[in-house]
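Visitor: There's a structure below that I have some questions on.
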Amino acid sequence: MKDWKKITTAGLATMMAVTMVGCSSTKESDKSTTDTATKEKVKLVFARGKDSTGASTKLVDAFKKSHPDIDVELREMPSDSNQSHDQYVTMFSAKSAEIDVFDLDVIWPAEFAQAGYLLPLDRFIQQDSIKTDDYIKGAYTAGSFNGQQWTMPKFIDTGLLFYRTDLVKEVPKTWDDLIKVAKATKGQGGTQFGYLMQAKQYEGIVCNFVEFAASYGGKIVDDKGQVVINNPGTIKGLSKMIEVAKSDFVPSNITTFTEQESHTAFLEGQAPMIRNWPYQYAMAQDPKQSKIVDKIGVAPLPAGDAGSAATLGGWLAGINKNSKHPKEAWEFLKFMTGKEGQKITAIDGGSAPTYLPEYDDADVQKASPLFANKDFVNGISKAVPRPTSPQYSKISEVIQIEVSKAIAGQETAEQAVQAMETKMKEIVK
């Protein structure tokens with residue numbers, strides 16, 4: 001995979017009070033200054049992967065400006081999410097309190113919640129009347145496990161359909177439409193293929209499978225962590241995925257394609273359509289590496305019987321259960337994933353917000369053409385998380401193996417789904 005608040009009411013009230021006192025009496029002003037100086041600040045440590053954009057530093061500075069009694073130290077973790085994951089596990093399993101707030105990959109919450117690494121957030125969300133419907137549903141629910149909310153969504157990544165505007169005159173609405181368009185446009189404008197996807201035996205094939213299955217109403221694991229993969233929707237979705245992957249309009253070696261191979265072929269003008277992540281847009285518009293500049297459109301992935309679905313990627317943020325300052329940690333987490341924090345992350349970091357109102361902000365829209373594109377917003381709003389389970393890595397491995405077998409013709413969709421059901425139940429029992 002490619003590795004990638006405005007000042008609070010309380011803060012404003014405090015500032016107004018200080019200002020009013022300063023105007024009324026010099027002695028009162030001196031006393032206020034002395035009290036502030038003697039009051040010990042609460043220090044938080046916020047950990048996240050390497051950020052070359054500088055957005056995290058700006059976000060921390062903005063928070064400290066509006067919360068003068070809370071200091072935040074930014075701690076940089078490895079850019080490799082697997083390395084970050086392992087370091088967190090080492091720290092938290094030892095009940096370390098050295099980190100207060102930290103970023104999580106969307107596939108970690110269930111594992112970390114079950115292990116006791118995360119502080120549940122429900123009481124904070126309720127007491128501050130957080131409007132959870134303002135967040136992209138898939139990004140928010142990715143942090144839910146066993147009936148509790150463990151994280152808040154930070155930014156989102158999701159599967160989208162990118163297409164050549166000079167070749168695709170009618171954007172496919174369904175997977176059957178895509179098959180027709182792919183067949184009709186293959187060979188036009190110097191193309192060799194009709195469609196590109198990721199079908200190598202790695203995490204990318206899981207993402208593609210989740211999208212096909214969910215678009216036909218299939219589900220892999222339910223809200224209680226029980227395996228429910230063996231259902232008509234999942235079987236139909238996998239059957240459609242097999243049909244596309246074995247067609248003559250995708251590369252004959254599609255089972256070797258990751259994001260790297262698929263986006264390279266698309267940039268070279270070899271196909272009119274591709275399933276990929278949002279980063280594809282910027283690359284296609286870069287004349288240094290793209291032959292299709294100003295010829296790219298974006299849309300939600302095609303729909304199955306149950307509608308369009310896209311695999312959720314991106315990052316969430318949570319609080320270390322052993323933090324010595326949970327109230328202050330929540331204030332920072334709330335700021336970071338709320339209106340002002342999301343705006344900084346979008347404008348300075350270039351990451352897609354999970355807080356939907358930000359897509360109506362003129363400054364956010366100006367930061368990236370995608371953020372002003374309704375098709376992009378509709379596409380990411382349909383994002384669905386991968387199976388929520390503490391055993392996700394093992395479940396992913398099972399999906400990779402069985403879907404690969406099905407595409408290779410070694411077993412039918414029904415047989416692959418039955419095999420996945422049997423193996424997954426062994427993993428989660």
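Within each chain, counting starts at residue 1; across the structure tokens, chains are named A, B, ... in the order shown, with ligands numbered 1 upward in that order.
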Wanna dump the segment 119-196 of chain A-segment 239-255 of chain A contacts at 6 Å for me, each residue with its shortest atom pair and the distance in Å to one decimal, counting only C-alpha atoms, ordered by chain and number, as a Markdown table?
Guide:
```
| residue | atom | partner | partner_atom | distance |
| --- | --- | --- | --- | --- |
| A:Phe193 | CA | A:Phe249 | CA | 5.0 |
| A:Gly194 | CA | A:Phe249 | CA | 4.8 |
| A:Tyr195 | CA | A:Val250 | CA | 5.4 |
```
Visitor: As JSON, numbers by chain, please: every residue in segment 61-258 of chain A that DSSP puts in strand (DSSP E or B).
Guide: {"A": [70, 71, 72, 73, 74, 75, 76, 77, 101, 102, 103, 104, 105, 118, 135, 144, 145, 148, 149, 152, 153, 154, 155, 156, 157, 158, 160, 161, 162, 163, 164, 174, 196, 221, 227]}
Visitor: Tell me which protein, DNA and RNA residues are within 9 Å of Ile347 of chain A, counting only C-alpha atoms, leaving out same-chain ones fewer than 6 positions away, and put them as a ChimeraX atom specification.
Guide: /A:55,363-368
Visitor: Which residue gives the smallest distance to Val398 of chain A among A:Tyr279, A:Phe332, A:Tyr355, A:Tyr202, with only C-alpha atoms counted?
Guide: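 Of the candidates, the smallest distance to Val398 of chain A is held by A:Tyr202.
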Visitor: Which residues are close to segment 401-407 of chain A, i.e. within 12 Å by only C-alpha atoms, leaving aside same-chain residues fewer than 2 positions away? Reply as a ChimeraX atom specification.
Guide: /A:198-210,212-213,234-235,237-247,252-256,394-399,409-424
Visitor: Restricting the calculation to only C-alpha atoms, which member of A:Pro326, A:Pro68, A:Pro369, A:Pro109 is positioned closest to Gln148 of chain A?
Guide: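 Counting only C-alpha atoms, the residue closest to Gln148 of chain A is A:Pro109.
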Visitor: Taking only C-alpha atoms into account, name the residue in A:Gln87, A:Ala97, A:Phe145, A:Ser66 that is nearest to Gln114 of chain A.
Guide: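 The answer is A:Phe145, which sits nearest to Gln114 of chain A.
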Visitor: Between atom CA of Ala372 of chain A and atom CA of Leu167 of chain A, what is the distance in Å, rounded to a tenth?
Guide: 23.1 Å
Visitor: Using atom CA of Gln289 of chain A and atom CA of Glu268 of chain A as the two end points, give the distance in Å to one decimal.
Guide: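 A separation of 8.3 Å between them.
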Visitor: Just the alpha helix (DSSP H) stuff from segment 98-271 of chain A, please, per backbone DSSP, written as a PyMOL selection string.
Guide: chain A and resi 109-115+122-127+137-141+175-185+203-215+232-245+259-267
Visitor: Quick one: residues within 9 Å of Leu316 of chain A, only C-alpha atoms, excluding same-chain residues fewer than 3 positions away - as a count of residues only?
Guide: 17
Visitor: Write out as JSON lines a residue-level contact list of segment 348-404 of chain A versus segment 300-308 of chain A with cut-off 12 Å: for each qualifying residue the closest pair of atoms and the distance in Å to one decimal, counting only C-alpha atoms, rows sorted by chain and residue number upward.
Guide:
```
{"residue": "A:Asn373", "atom": "CA", "partner": "A:Pro300", "partner_atom": "CA", "distance": 11.3}
{"residue": "A:Lys374", "atom": "CA", "partner": "A:Pro300", "partner_atom": "CA", "distance": 9.9}
{"residue": "A:Asp375", "atom": "CA", "partner": "A:Pro300", "partner_atom": "CA", "distance": 6.4}
{"residue": "A:Phe376", "atom": "CA", "partner": "A:Pro300", "partner_atom": "CA", "distance": 6.8}
{"residue": "A:Val377", "atom": "CA", "partner": "A:Pro300", "partner_atom": "CA", "distance": 8.6}
{"residue": "A:Asn378", "atom": "CA", "partner": "A:Pro300", "partner_atom": "CA", "distance": 6.5}
{"residue": "A:Gly379", "atom": "CA", "partner": "A:Pro300", "partner_atom": "CA", "distance": 4.0}
{"residue": "A:Ile380", "atom": "CA", "partner": "A:Pro300", "partner_atom": "CA", "distance": 7.5}
{"residue": "A:Ser381", "atom": "CA", "partner": "A:Pro300", "partner_atom": "CA", "distance": 9.1}
{"residue": "A:Lys382", "atom": "CA", "partner": "A:Ser308", "partner_atom": "CA", "distance": 6.7}
{"residue": "A:Ala383", "atom": "CA", "partner": "A:Ser308", "partner_atom": "CA", "distance": 8.9}
{"residue": "A:Val384", "atom": "CA", "partner": "A:Ser308", "partner_atom": "CA", "distance": 10.0}
```
Visitor: Pull C-alpha atoms from the residues just selected and write them as a short mmCIF file (atom, residue, chain, number, x, y, z; two decimals), in the first residue's frame.
Guide:
```cif
data_model
loop_
_atom_site.label_atom_id
_atom_site.label_comp_id
_atom_site.auth_asym_id
_atom_site.auth_seq_id
_atom_site.Cartn_x
_atom_site.Cartn_y
_atom_site.Cartn_z
CA ASN A 373 -15.64 18.62 -6.23
CA LYS A 374 -19.05 17.28 -5.20
CA ASP A 375 -18.30 13.93 -6.85
CA PHE A 376 -15.23 13.58 -4.67
CA VAL A 377 -17.18 14.42 -1.51
CA ASN A 378 -19.94 11.99 -2.50
CA GLY A 379 -17.34 9.34 -3.17
CA ILE A 380 -15.57 9.59 0.19
CA SER A 381 -18.91 9.84 2.00
CA LYS A 382 -19.64 6.29 0.85
CA ALA A 383 -16.47 4.94 2.46
CA VAL A 384 -16.88 1.74 4.45
#
```
Visitor: Excluding same-chain residues fewer than 2 positions from Val168 of chain A, what lies within 12 Å of it counting only C-alpha atoms, as a PDB file with C-alpha atoms, in the first residue's frame?
Guide:
```
ATOM      1  CA  LEU A 161     -13.046   6.099  -9.781  1.00  0.00           C
ATOM      2  CA  PHE A 162     -10.745   8.298 -11.884  1.00  0.00           C
ATOM      3  CA  TYR A 163     -11.472   8.565 -15.590  1.00  0.00           C
ATOM      4  CA  ARG A 164     -10.282  10.260 -18.765  1.00  0.00           C
ATOM      5  CA  THR A 165     -12.668  13.081 -19.584  1.00  0.00           C
ATOM      6  CA  ASP A 166     -11.618  12.970 -23.251  1.00  0.00           C
ATOM      7  CA  GLU A 170     -20.792   9.020 -19.659  1.00  0.00           C
ATOM      8  CA  VAL A 171     -19.378   8.068 -16.277  1.00  0.00           C
ATOM      9  CA  PRO A 172     -20.441   4.531 -15.316  1.00  0.00           C
ATOM     10  CA  ASP A 177     -21.952   0.067 -16.787  1.00  0.00           C
ATOM     11  CA  LEU A 178     -18.220   0.082 -16.104  1.00  0.00           C
ATOM     12  CA  LYS A 180     -19.575  -1.799 -20.968  1.00  0.00           C
ATOM     13  CA  VAL A 181     -17.586   1.451 -20.940  1.00  0.00           C
ATOM     14  CA  ALA A 182     -14.287  -0.395 -20.413  1.00  0.00           C
ATOM     15  CA  LYS A 183     -14.951  -2.638 -23.395  1.00  0.00           C
ATOM     16  CA  ALA A 184     -16.023   0.281 -25.583  1.00  0.00           C
ATOM     17  CA  THR A 185     -13.073   2.573 -24.741  1.00  0.00           C
ATOM     18  CA  LYS A 186     -10.263   0.022 -24.702  1.00  0.00           C
ATOM     19  CA  GLN A 188      -9.210   4.503 -27.921  1.00  0.00           C
ATOM     20  CA  GLY A 189      -6.822   7.442 -27.642  1.00  0.00           C
ATOM     21  CA  GLY A 194     -10.220  -0.353 -20.390  1.00  0.00           C
ATOM     22  CA  TYR A 195      -9.824  -0.398 -16.616  1.00  0.00           C
ATOM     23  CA  ALA A 271      -6.363   3.168 -19.698  1.00  0.00           C
ATOM     24  CA  PRO A 272      -9.433   5.420 -19.573  1.00  0.00           C
ATOM     25  CA  MET A 273     -10.442   4.408 -16.013  1.00  0.00           C
ATOM     26  CA  ILE A 274      -8.812   3.387 -12.754  1.00  0.00           C
ATOM     27  CA  LYS A 295      -8.006  15.216 -18.850  1.00  0.00           C
ATOM     28  CA  ILE A 296      -8.991  13.643 -15.537  1.00  0.00           C
ATOM     29  CA  GLY A 297     -12.321  13.387 -13.764  1.00  0.00           C
ATOM     30  CA  VAL A 298     -13.285  11.785 -10.453  1.00  0.00           C
ATOM     31  CA  ALA A 299     -16.447  10.007  -9.354  1.00  0.00           C
TER      32      ALA A 299
END
```
Visitor: Please compute the atom CA of Glu40 of chain A-atom CA of Ile70 of chain A distance, one decimal, in Å.
Guide: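 It comes out at 9.2 Å.
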Visitor: For Lys343 of chain A, which residue out of A:Ala284, A:Ala62, A:Ala94, A:Leu44 is the nearest one, using only C-alpha atoms?
Guide: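 Of A:Ala284, A:Ala62, A:Ala94, A:Leu44, the one nearest Lys343 of chain A is A:Ala62, counting only C-alpha atoms.
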Visitor: Pick out the closest residue to Ser93 of chain A from this set: A:Asp133, A:Thr258, A:Asp361, A:Asn320. Count only C-alpha atoms.
Guide: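 Residue with the minimum atom-to-atom distance to Ser93 of chain A: A:Asn320.
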Visitor: Which residue out of A:Thr388, A:Asn230, A:Gln400, A:Gln342 has the minimum interatomic distance to Ser144 of chain A when only C-alpha atoms are used?
Guide: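 Among the listed residues, A:Thr388 lies closest to Ser144 of chain A.
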